[in-house]
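Source file: run_2.txt; contents: compact mmCIF, C-alpha atoms.
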# COMPACT_ATOMS: atom_id res chain seq x y z
CA MET A 142 66.78 41.96 77.59
CA LYS A 143 69.25 39.24 76.70
CA PHE A 144 72.38 40.48 75.01
CA ALA A 145 75.56 39.18 73.45
CA ILE A 146 78.87 40.98 73.91
CA LEU A 147 81.22 41.26 70.93
CA GLY A 148 84.83 42.22 71.54
CA SER A 149 88.24 41.97 69.94
CA GLY A 150 90.65 42.77 72.74
CA ARG A 151 91.33 43.06 76.40
CA GLY A 152 87.69 43.04 77.36
CA SER A 153 87.81 45.68 80.09
CA ASN A 154 84.39 47.00 79.14
CA ALA A 155 83.01 43.48 78.84
CA GLU A 156 84.37 42.80 82.30
CA ALA A 157 82.72 45.96 83.63
CA ILE A 158 79.39 44.75 82.22
CA LEU A 159 79.84 41.26 83.66
CA ARG A 160 80.80 42.62 87.07
CA ALA A 161 77.77 44.90 87.12
CA TRP A 162 75.56 41.99 86.11
CA ARG A 163 76.97 39.76 88.86
CA ALA A 164 76.38 42.56 91.35
CA GLY A 165 72.75 42.87 90.24
CA GLY A 166 73.38 46.21 88.57
CA LEU A 167 71.90 45.50 85.16
CA GLY A 168 68.27 45.19 86.24
CA PRO A 169 66.45 42.74 83.96
CA ALA A 170 69.31 42.67 81.42
CA ALA A 171 71.56 39.62 81.19
CA PRO A 172 74.57 38.77 79.06
CA VAL A 173 74.05 35.39 77.41
CA ALA A 174 77.18 35.07 75.28
CA LEU A 175 80.60 36.53 74.52
CA PHE A 176 81.88 36.43 70.95
CA SER A 177 85.22 37.48 69.53
CA ASP A 178 86.82 37.71 66.13
CA ASN A 179 90.26 37.26 67.68
CA ALA A 180 91.45 33.92 69.01
CA ASP A 181 93.97 35.64 71.28
CA ALA A 182 91.51 38.08 72.80
CA PRO A 183 91.54 38.01 76.62
CA ILE A 184 87.84 38.83 76.39
CA LEU A 185 87.18 35.17 75.54
CA ARG A 186 88.55 34.08 78.91
CA LEU A 187 86.02 36.26 80.74
CA GLY A 188 83.24 33.86 79.84
CA GLU A 189 84.57 31.12 82.04
CA SER A 190 85.11 33.46 84.99
CA PHE A 191 81.53 34.70 84.86
CA GLY A 192 79.75 31.57 83.67
CA VAL A 193 78.80 33.02 80.29
CA PRO A 194 79.39 30.96 77.12
CA SER A 195 82.09 32.42 74.91
CA ALA A 196 83.22 31.58 71.41
CA LEU A 197 85.57 32.60 68.67
CA ILE A 198 83.75 33.30 65.39
CA ASP A 199 85.66 33.14 62.11
CA PRO A 200 85.78 36.74 60.90
CA GLY A 201 86.60 35.90 57.30
CA PRO A 202 89.29 37.40 55.11
CA PHE A 203 89.17 41.10 55.98
CA ARG A 204 90.91 42.94 58.81
CA THR A 205 88.58 45.84 59.59
CA LYS A 206 85.18 44.52 58.55
CA LEU A 207 83.31 41.23 58.20
CA ASP A 208 82.38 39.81 54.83
CA PRO A 209 78.69 38.92 54.39
CA ALA A 210 79.30 35.27 55.30
CA ALA A 211 81.09 36.28 58.51
CA GLU A 212 78.32 38.75 59.36
CA GLU A 213 75.89 35.87 58.98
CA ARG A 214 78.02 33.67 61.25
CA PHE A 215 78.01 36.34 63.95
CA ALA A 216 74.28 37.00 63.57
CA THR A 217 73.49 33.30 63.78
CA ALA A 218 75.66 32.93 66.87
CA VAL A 219 73.92 35.85 68.57
CA ARG A 220 70.45 34.49 67.75
CA SER A 221 71.41 30.95 68.75
CA ALA A 222 72.51 32.25 72.14
CA GLY A 223 69.02 33.66 72.62
CA ALA A 224 70.17 37.29 72.51
CA ASP A 225 68.11 40.05 70.94
CA TRP A 226 70.55 42.84 71.73
CA VAL A 227 74.24 43.17 70.87
CA VAL A 228 76.74 45.17 72.91
CA LEU A 229 79.98 46.07 71.18
CA ALA A 230 82.79 46.25 73.71
CA GLY A 231 85.93 47.03 71.80
CA PHE A 232 84.88 45.16 68.68
CA MET A 233 87.34 46.40 66.08
CA ARG A 234 85.37 45.81 62.90
CA VAL A 235 82.87 48.02 61.14
CA LEU A 236 79.49 46.29 60.95
CA LYS A 237 77.69 46.49 57.63
CA ARG A 238 74.09 46.26 56.55
CA GLY A 239 73.76 42.49 56.87
CA PHE A 240 74.46 42.50 60.60
CA LEU A 241 72.76 45.83 61.32
CA GLU A 242 69.54 44.71 59.67
CA ALA A 243 69.56 41.50 61.71
CA PHE A 244 69.26 43.56 64.94
CA PRO A 245 67.75 46.91 63.99
CA ASP A 246 68.24 49.52 66.72
CA ARG A 247 69.40 46.72 69.00
CA ILE A 248 73.17 47.13 68.70
CA ILE A 249 74.94 49.48 71.07
CA ASN A 250 78.47 50.75 70.95
CA LEU A 251 80.77 52.73 73.19
CA HIS A 252 82.99 55.49 71.85
CA PRO A 253 85.67 57.26 73.90
CA SER A 254 84.64 60.84 73.13
CA LEU A 255 81.64 63.10 73.46
CA LEU A 256 80.21 62.40 70.02
CA PRO A 257 79.82 63.96 67.51
CA ALA A 258 83.28 65.27 68.44
CA PHE A 259 86.27 63.05 67.67
CA LYS A 260 84.74 60.24 65.66
CA GLY A 261 86.93 57.43 64.45
CA LEU A 262 90.10 55.87 65.77
CA HIS A 263 92.25 57.25 68.59
CA ALA A 264 89.47 59.50 69.87
CA ILE A 265 91.14 60.18 73.22
CA ARG A 266 94.32 61.25 71.47
CA GLN A 267 92.29 63.39 69.08
CA ALA A 268 90.72 65.18 72.04
CA TRP A 269 94.09 65.52 73.74
CA ASP A 270 95.65 67.00 70.62
CA ALA A 271 92.76 69.46 70.32
CA GLY A 272 93.51 70.80 73.80
CA VAL A 273 90.00 70.32 75.11
CA ARG A 274 89.30 70.71 78.81
CA VAL A 275 86.24 68.45 78.71
CA THR A 276 85.96 65.17 76.87
CA GLY A 277 84.23 61.93 77.79
CA CYS A 278 82.52 58.91 76.33
CA THR A 279 79.33 58.07 74.49
CA VAL A 280 77.08 55.02 74.30
CA HIS A 281 75.08 55.05 71.10
CA LEU A 282 72.98 52.88 68.85
CA VAL A 283 74.92 51.62 65.88
CA SER A 284 73.87 52.90 62.49
CA ARG A 285 75.45 52.63 59.07
CA GLU A 286 77.38 55.84 59.70
CA VAL A 287 80.47 55.04 61.76
CA ASP A 288 80.08 56.56 65.26
CA GLY A 289 76.96 58.29 63.95
CA GLY A 290 74.00 56.48 65.50
CA ALA A 291 71.57 57.96 68.00
CA ILE A 292 73.18 58.84 71.32
CA LEU A 293 71.91 56.97 74.37
CA ASP A 294 74.01 58.61 77.05
CA GLN A 295 77.30 60.40 77.58
CA ALA A 296 79.64 61.05 80.49
CA ALA A 297 82.00 64.02 80.74
CA VAL A 298 85.63 63.78 81.86
CA ARG A 299 87.72 66.84 82.69
CA VAL A 300 91.28 67.25 81.43
CA GLU A 301 93.33 68.66 84.29
CA ASP A 302 96.59 70.60 83.99
CA ASN A 303 98.54 67.66 85.36
CA ASP A 304 96.96 65.05 83.09
CA SER A 305 99.02 63.20 80.53
CA LEU A 306 97.50 61.44 77.57
CA GLU A 307 97.93 58.24 79.55
CA SER A 308 96.18 59.52 82.67
CA LEU A 309 93.39 60.91 80.51
CA GLU A 310 92.96 57.50 78.91
CA VAL A 311 92.65 55.94 82.35
CA LYS A 312 89.96 58.44 83.31
CA VAL A 313 87.98 58.04 80.10
CA HIS A 314 88.10 54.26 80.40
CA ALA A 315 86.89 54.50 84.00
CA ALA A 316 83.98 56.63 82.79
CA GLU A 317 83.23 54.00 80.12
CA HIS A 318 83.22 51.23 82.70
CA ALA A 319 80.57 53.10 84.67
CA LEU A 320 78.50 54.39 81.75
CA LEU A 321 78.07 51.25 79.66
CA PRO A 322 76.56 49.02 82.37
CA SER A 323 74.38 51.91 83.50
CA VAL A 324 73.02 52.38 79.97
CA ILE A 325 72.34 48.65 79.59
CA GLY A 326 70.46 48.56 82.89
CA ARG A 327 68.35 51.61 82.07
CA LEU A 328 67.60 50.37 78.56
CA ALA A 329 66.40 47.07 79.99
CA GLU A 330 64.17 48.90 82.45
CA GLY A 331 62.73 51.10 79.70
CA ARG A 332 64.14 54.19 81.36
CA LEU A 333 66.40 55.27 78.52
CA ARG A 334 65.82 56.01 74.89
CA PRO A 335 67.46 58.36 72.40
CA LEU A 336 66.21 61.92 72.72
CA GLU A 337 63.22 62.22 70.44
CA ARG A 338 63.25 63.80 67.01
CA ARG A 339 66.99 64.19 67.08
CA THR A 340 69.73 62.22 65.42
CA ALA A 341 73.45 62.32 66.00
CA ARG A 342 75.57 63.65 63.21
CA MET N 1314 95.15 92.70 83.61
CA LYS N 1315 92.95 95.51 82.35
CA PHE N 1316 90.40 94.46 79.79
CA ALA N 1317 87.72 95.93 77.57
CA ILE N 1318 84.43 94.13 77.00
CA LEU N 1319 82.94 94.13 73.50
CA GLY N 1320 79.31 93.18 73.05
CA SER N 1321 76.44 93.61 70.65
CA GLY N 1322 73.39 92.62 72.64
CA ARG N 1323 71.79 92.01 75.97
CA GLY N 1324 75.03 91.90 77.84
CA SER N 1325 74.24 89.04 80.19
CA ASN N 1326 77.80 87.76 80.06
CA ALA N 1327 79.18 91.28 80.43
CA GLU N 1328 76.95 91.67 83.47
CA ALA N 1329 78.22 88.37 84.90
CA ILE N 1330 81.78 89.67 84.52
CA LEU N 1331 80.96 93.03 86.10
CA ARG N 1332 79.13 91.39 89.01
CA ALA N 1333 82.06 89.06 89.63
CA TRP N 1334 84.42 92.04 89.51
CA ARG N 1335 82.32 94.04 91.98
CA ALA N 1336 82.26 91.03 94.27
CA GLY N 1337 86.06 90.77 94.14
CA GLY N 1338 85.93 87.59 92.09
CA LEU N 1339 88.27 88.58 89.26
CA GLY N 1340 91.47 88.73 91.25
CA PRO N 1341 93.80 91.34 89.75
CA ALA N 1342 91.72 91.68 86.57
CA ALA N 1343 89.57 94.76 86.03
CA PRO N 1344 87.20 95.85 83.27
CA VAL N 1345 88.11 99.35 82.11
CA ALA N 1346 85.65 99.89 79.27
CA LEU N 1347 82.56 98.52 77.52
CA PHE N 1348 82.25 98.96 73.77
CA SER N 1349 79.43 98.07 71.42
CA ASP N 1350 78.76 98.17 67.71
CA ASN N 1351 75.04 98.53 68.35
CA ALA N 1352 73.50 101.77 69.61
CA ASP N 1353 70.49 99.88 70.99
CA ALA N 1354 72.51 97.28 72.88
CA PRO N 1355 71.48 97.04 76.54
CA ILE N 1356 75.11 96.19 77.22
CA LEU N 1357 75.93 99.89 76.90
CA ARG N 1358 73.71 100.70 79.88
CA LEU N 1359 75.69 98.34 82.10
CA GLY N 1360 78.59 100.76 82.17
CA GLU N 1361 76.71 103.34 84.18
CA SER N 1362 75.43 100.75 86.67
CA PHE N 1363 78.92 99.48 87.36
CA GLY N 1364 80.93 102.67 86.98
CA VAL N 1365 82.74 101.52 83.84
CA PRO N 1366 82.97 103.85 80.82
CA SER N 1367 80.99 102.62 77.85
CA ALA N 1368 80.78 103.80 74.27
CA LEU N 1369 79.26 103.03 70.93
CA ILE N 1370 81.86 102.60 68.20
CA ASP N 1371 80.87 103.06 64.56
CA PRO N 1372 81.11 99.56 63.04
CA GLY N 1373 81.25 100.73 59.44
CA PRO N 1374 79.24 99.47 56.50
CA PHE N 1375 79.16 95.68 57.05
CA ARG N 1376 76.77 93.64 59.18
CA THR N 1377 78.85 90.66 60.25
CA LYS N 1378 82.37 92.02 60.27
CA LEU N 1379 84.25 95.29 60.71
CA ASP N 1380 86.01 96.98 57.82
CA PRO N 1381 89.68 97.87 58.46
CA ALA N 1382 88.82 101.43 59.49
CA ALA N 1383 86.26 100.19 62.02
CA GLU N 1384 88.74 97.62 63.35
CA GLU N 1385 91.15 100.48 63.87
CA ARG N 1386 88.49 102.50 65.70
CA PHE N 1387 87.82 99.61 68.03
CA ALA N 1388 91.52 98.93 68.60
CA THR N 1389 92.19 102.60 69.32
CA ALA N 1390 89.29 102.73 71.77
CA VAL N 1391 90.55 99.65 73.61
CA ARG N 1392 94.08 101.04 73.84
CA SER N 1393 92.86 104.49 74.86
CA ALA N 1394 90.94 102.91 77.72
CA GLY N 1395 94.18 101.42 78.96
CA ALA N 1396 93.16 97.84 78.25
CA ASP N 1397 95.58 95.19 77.04
CA TRP N 1398 93.03 92.36 76.93
CA VAL N 1399 89.73 92.16 75.10
CA VAL N 1400 86.80 90.02 76.23
CA LEU N 1401 84.13 89.31 73.64
CA ALA N 1402 80.75 88.96 75.33
CA GLY N 1403 78.22 88.38 72.60
CA PHE N 1404 80.05 90.50 70.03
CA MET N 1405 78.35 89.53 66.79
CA ARG N 1406 81.08 90.36 64.31
CA VAL N 1407 83.97 88.28 63.08
CA LEU N 1408 87.26 89.97 63.91
CA LYS N 1409 89.90 90.04 61.20
CA ARG N 1410 93.64 90.31 61.13
CA GLY N 1411 93.81 94.04 61.84
CA PHE N 1412 92.18 93.72 65.23
CA LEU N 1413 93.66 90.32 66.08
CA GLU N 1414 97.20 91.53 65.44
CA ALA N 1415 96.61 94.54 67.67
CA PHE N 1416 96.06 92.22 70.68
CA PRO N 1417 97.83 88.95 69.88
CA ASP N 1418 96.65 86.12 72.15
CA ARG N 1419 94.91 88.73 74.25
CA ILE N 1420 91.36 88.38 72.94
CA ILE N 1421 89.06 85.86 74.57
CA ASN N 1422 85.69 84.64 73.41
CA LEU N 1423 82.91 82.51 74.80
CA HIS N 1424 81.16 79.90 72.68
CA PRO N 1425 78.06 77.99 73.80
CA SER N 1426 79.29 74.48 73.02
CA LEU N 1427 82.13 72.16 73.92
CA LEU N 1428 84.40 73.14 71.04
CA PRO N 1429 85.44 71.81 68.60
CA ALA N 1430 81.88 70.45 68.47
CA PHE N 1431 79.19 72.76 67.15
CA LYS N 1432 81.15 75.71 65.86
CA GLY N 1433 79.30 78.66 64.39
CA LEU N 1434 75.88 80.12 64.96
CA HIS N 1435 73.08 78.53 67.00
CA ALA N 1436 75.47 76.15 68.73
CA ILE N 1437 72.99 75.19 71.46
CA ARG N 1438 70.39 74.33 68.86
CA GLN N 1439 73.00 72.37 66.90
CA ALA N 1440 73.76 70.32 70.02
CA TRP N 1441 70.06 69.87 70.74
CA ASP N 1442 69.39 68.69 67.20
CA ALA N 1443 72.28 66.23 67.44
CA GLY N 1444 70.67 64.61 70.49
CA VAL N 1445 73.72 64.92 72.71
CA ARG N 1446 73.43 64.19 76.42
CA VAL N 1447 76.38 66.42 77.32
CA THR N 1448 77.08 69.85 75.90
CA GLY N 1449 78.49 72.99 77.51
CA CYS N 1450 80.47 76.10 76.83
CA THR N 1451 84.03 77.05 75.96
CA VAL N 1452 86.21 80.08 76.63
CA HIS N 1453 88.98 80.31 74.06
CA LEU N 1454 91.56 82.63 72.64
CA VAL N 1455 90.45 84.19 69.38
CA SER N 1456 92.37 83.18 66.29
CA ARG N 1457 91.73 83.77 62.62
CA GLU N 1458 89.73 80.57 62.43
CA VAL N 1459 86.20 81.21 63.69
CA ASP N 1460 85.69 79.37 67.02
CA GLY N 1461 89.07 77.74 66.43
CA GLY N 1462 91.50 79.38 68.85
CA ALA N 1463 93.21 77.64 71.76
CA ILE N 1464 90.80 76.49 74.45
CA LEU N 1465 91.22 78.07 77.89
CA ASP N 1466 88.49 76.24 79.76
CA GLN N 1467 85.19 74.44 79.26
CA ALA N 1468 82.20 73.57 81.39
CA ALA N 1469 79.90 70.63 80.76
CA VAL N 1470 76.10 70.80 80.89
CA ARG N 1471 73.89 67.70 80.88
CA VAL N 1472 70.81 67.45 78.70
CA GLU N 1473 68.08 65.82 80.81
CA ASP N 1474 65.03 63.97 79.50
CA ASN N 1475 62.76 66.79 80.57
CA ASP N 1476 64.84 69.55 79.02
CA SER N 1477 63.50 71.66 76.17
CA LEU N 1478 65.73 73.64 73.86
CA GLU N 1479 64.76 76.67 75.94
CA SER N 1480 65.65 75.10 79.30
CA LEU N 1481 68.91 73.87 77.83
CA GLU N 1482 69.72 77.40 76.68
CA VAL N 1483 69.10 78.65 80.22
CA LYS N 1484 71.46 76.05 81.63
CA VAL N 1485 74.22 76.71 79.10
CA HIS N 1486 73.98 80.45 79.67
CA ALA N 1487 74.21 79.88 83.43
CA ALA N 1488 77.36 77.84 82.85
CA GLU N 1489 78.74 80.66 80.70
CA HIS N 1490 78.07 83.22 83.42
CA ALA N 1491 80.12 81.15 85.85
CA LEU N 1492 82.89 80.09 83.48
CA LEU N 1493 83.82 83.38 81.84
CA PRO N 1494 84.54 85.37 85.04
CA SER N 1495 86.37 82.35 86.43
CA VAL N 1496 88.61 82.18 83.37
CA ILE N 1497 89.34 85.91 83.50
CA GLY N 1498 90.28 85.70 87.17
CA ARG N 1499 92.55 82.70 86.67
CA LEU N 1500 94.20 84.25 83.60
CA ALA N 1501 94.93 87.39 85.58
CA GLU N 1502 96.46 85.35 88.36
CA GLY N 1503 98.60 83.36 85.91
CA ARG N 1504 96.84 80.16 86.88
CA LEU N 1505 95.42 79.35 83.45
CA ARG N 1506 96.93 78.92 80.05
CA PRO N 1507 96.05 76.82 77.02
CA LEU N 1508 97.21 73.23 77.34
CA GLU N 1509 100.68 73.09 75.86
CA ARG N 1510 101.56 71.78 72.42
CA ARG N 1511 97.93 71.44 71.49
CA THR N 1512 95.72 73.59 69.35
CA ALA N 1513 91.98 73.51 68.94
CA ARG N 1514 90.65 72.49 65.59
Would you mind writing the file's structure down as structure tokens?
Amino acid sequence: MKFAILGSGRGSNAEAILRAWRAGGLGPAAPVALFSDNADAPILRLGESFGVPSALIDPGPFRTKLDPAAEERFATAVRSAGADWVVLAGFMRVLKRGFLEAFPDRIINLHPSLLPAFKGLHAIRQAWDAGVRVTGCTVHLVSREVDGGAILDQAAVRVEDNDSLESLEVKVHAAEHALLPSVIGRLAEGRLRPLERRTAR
Amino acid sequence: MKFAILGSGRGSNAEAILRAWRAGGLGPAAPVALFSDNADAPILRLGESFGVPSALIDPGPFRTKLDPAAEERFATAVRSAGADWVVLAGFMRVLKRGFLEAFPDRIINLHPSLLPAFKGLHAIRQAWDAGVRVTGCTVHLVSREVDGGAILDQAAVRVEDNDSLESLEVKVHAAEHALLPSVIGRLAEGRLRPLERRTAR
């Protein structure tokens, strides 16, 4: 299972994946490329540290999605790197049909809530505002419905009385950094698939 | 904290509360009455076993709610028993303003999901159908929005590969039987309140 990592920002989840890989924690899975839509993204500098090729890909004219030509540029870059899976690690653009159909059921994403609760942006704040005592994070296959693809795994995080939104964010991100590499490793070993006959809403 | 338990069915959560009480696990909280809208409800037989008065209250003409006169009968029964809190344990009727205003922020309910996910009936099946890997149960204050009151506490339950809907139901109910008495005990001791400045959706 060779995969490319796509990210737009700090790259903390990409770094968690790369660290797990270097420590032998991804089983037969291996990251073969890092791509970003953002020239300033620290995620691009991770490639050098871990010996994985990284590149900026021109995202085209839009801010929150890729136009078809940009989707094709990303898809071509992923294929050229020899990857057949794509891991989204803080990639801040909605992927449309062109990219999804290039890697059907081979694109995974991380969302900082227990989906289907708190879809969309600012999920940790949404959960905080709702006063929940349990939230968490979800790794799921990407489908055309935003945050709606089949769930691969989830991790729960408790909200304690003395938590602030900031401390909750730290805890959810820590759960993400453990869950995402674990899911990649189990997928590669054939030990994880979406629960049968069920689809996330 | 004296409370009445209202239930319509088997009474497994009522029994969990009564067992915790008998074992000294509710702190200063004590159940003072069991009321049901259903003459055949096994929950009514729990009263004798645990030395707590129980009674059938005429629910009036509707199936899924109480009419104002029936709400008044229930409220009068609760007050007459000396209770100032109400615990809903499988009470299958929506409570309306008349009853809610009689015990403002003093009615607690248990819901078999991690609210705000999977409100309404058949919540465990809803979670199962959605393919989640983490679900659970919620104890919340009752507001006029069904399953929408402030969350008091939640417990997470993992869905394992070898779970069936039936085994998941067993696990969620076990979590309920632990969570509800724990919440009652902590409320009575002043150690639990809804997270501030946040409301459940």
* Asked: What residues in chain A have any atom no more than 12 Å from chain N when counting all atoms listed in the file, and can you write them as a ChimeraX atom specification?
  -> /A:254-260,266-281,289-306,332-342
* Asked: Nearest to Arg1392 (chain N) among N:Ala1317, N:Leu1492, N:Leu1357, N:Ala1329, with distances taken over all atoms listed in the file: which residue is it?
  -> N:Ala1317
* To do: State, in Å with one decimal place, the distance from CA of Glu1361 (chain N) to CA of Ala1402 (chain N).
  =>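 So the two atoms, CA of Glu1361 (chain N) and CA of Ala1402 (chain N), lie 17.4 Å apart.
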* **Cut-off 8 Å around (91.1, 86.6, 83.1) with all atoms listed in the file: residues as a ChimeraX atom specification** => /N:1314,1339,1342,1494-1502
* Please indicate the distance in Å from CA of Val283 (chain A) to CA of Arg238 (chain A), rounded to one decimal place. => 10.8 Å
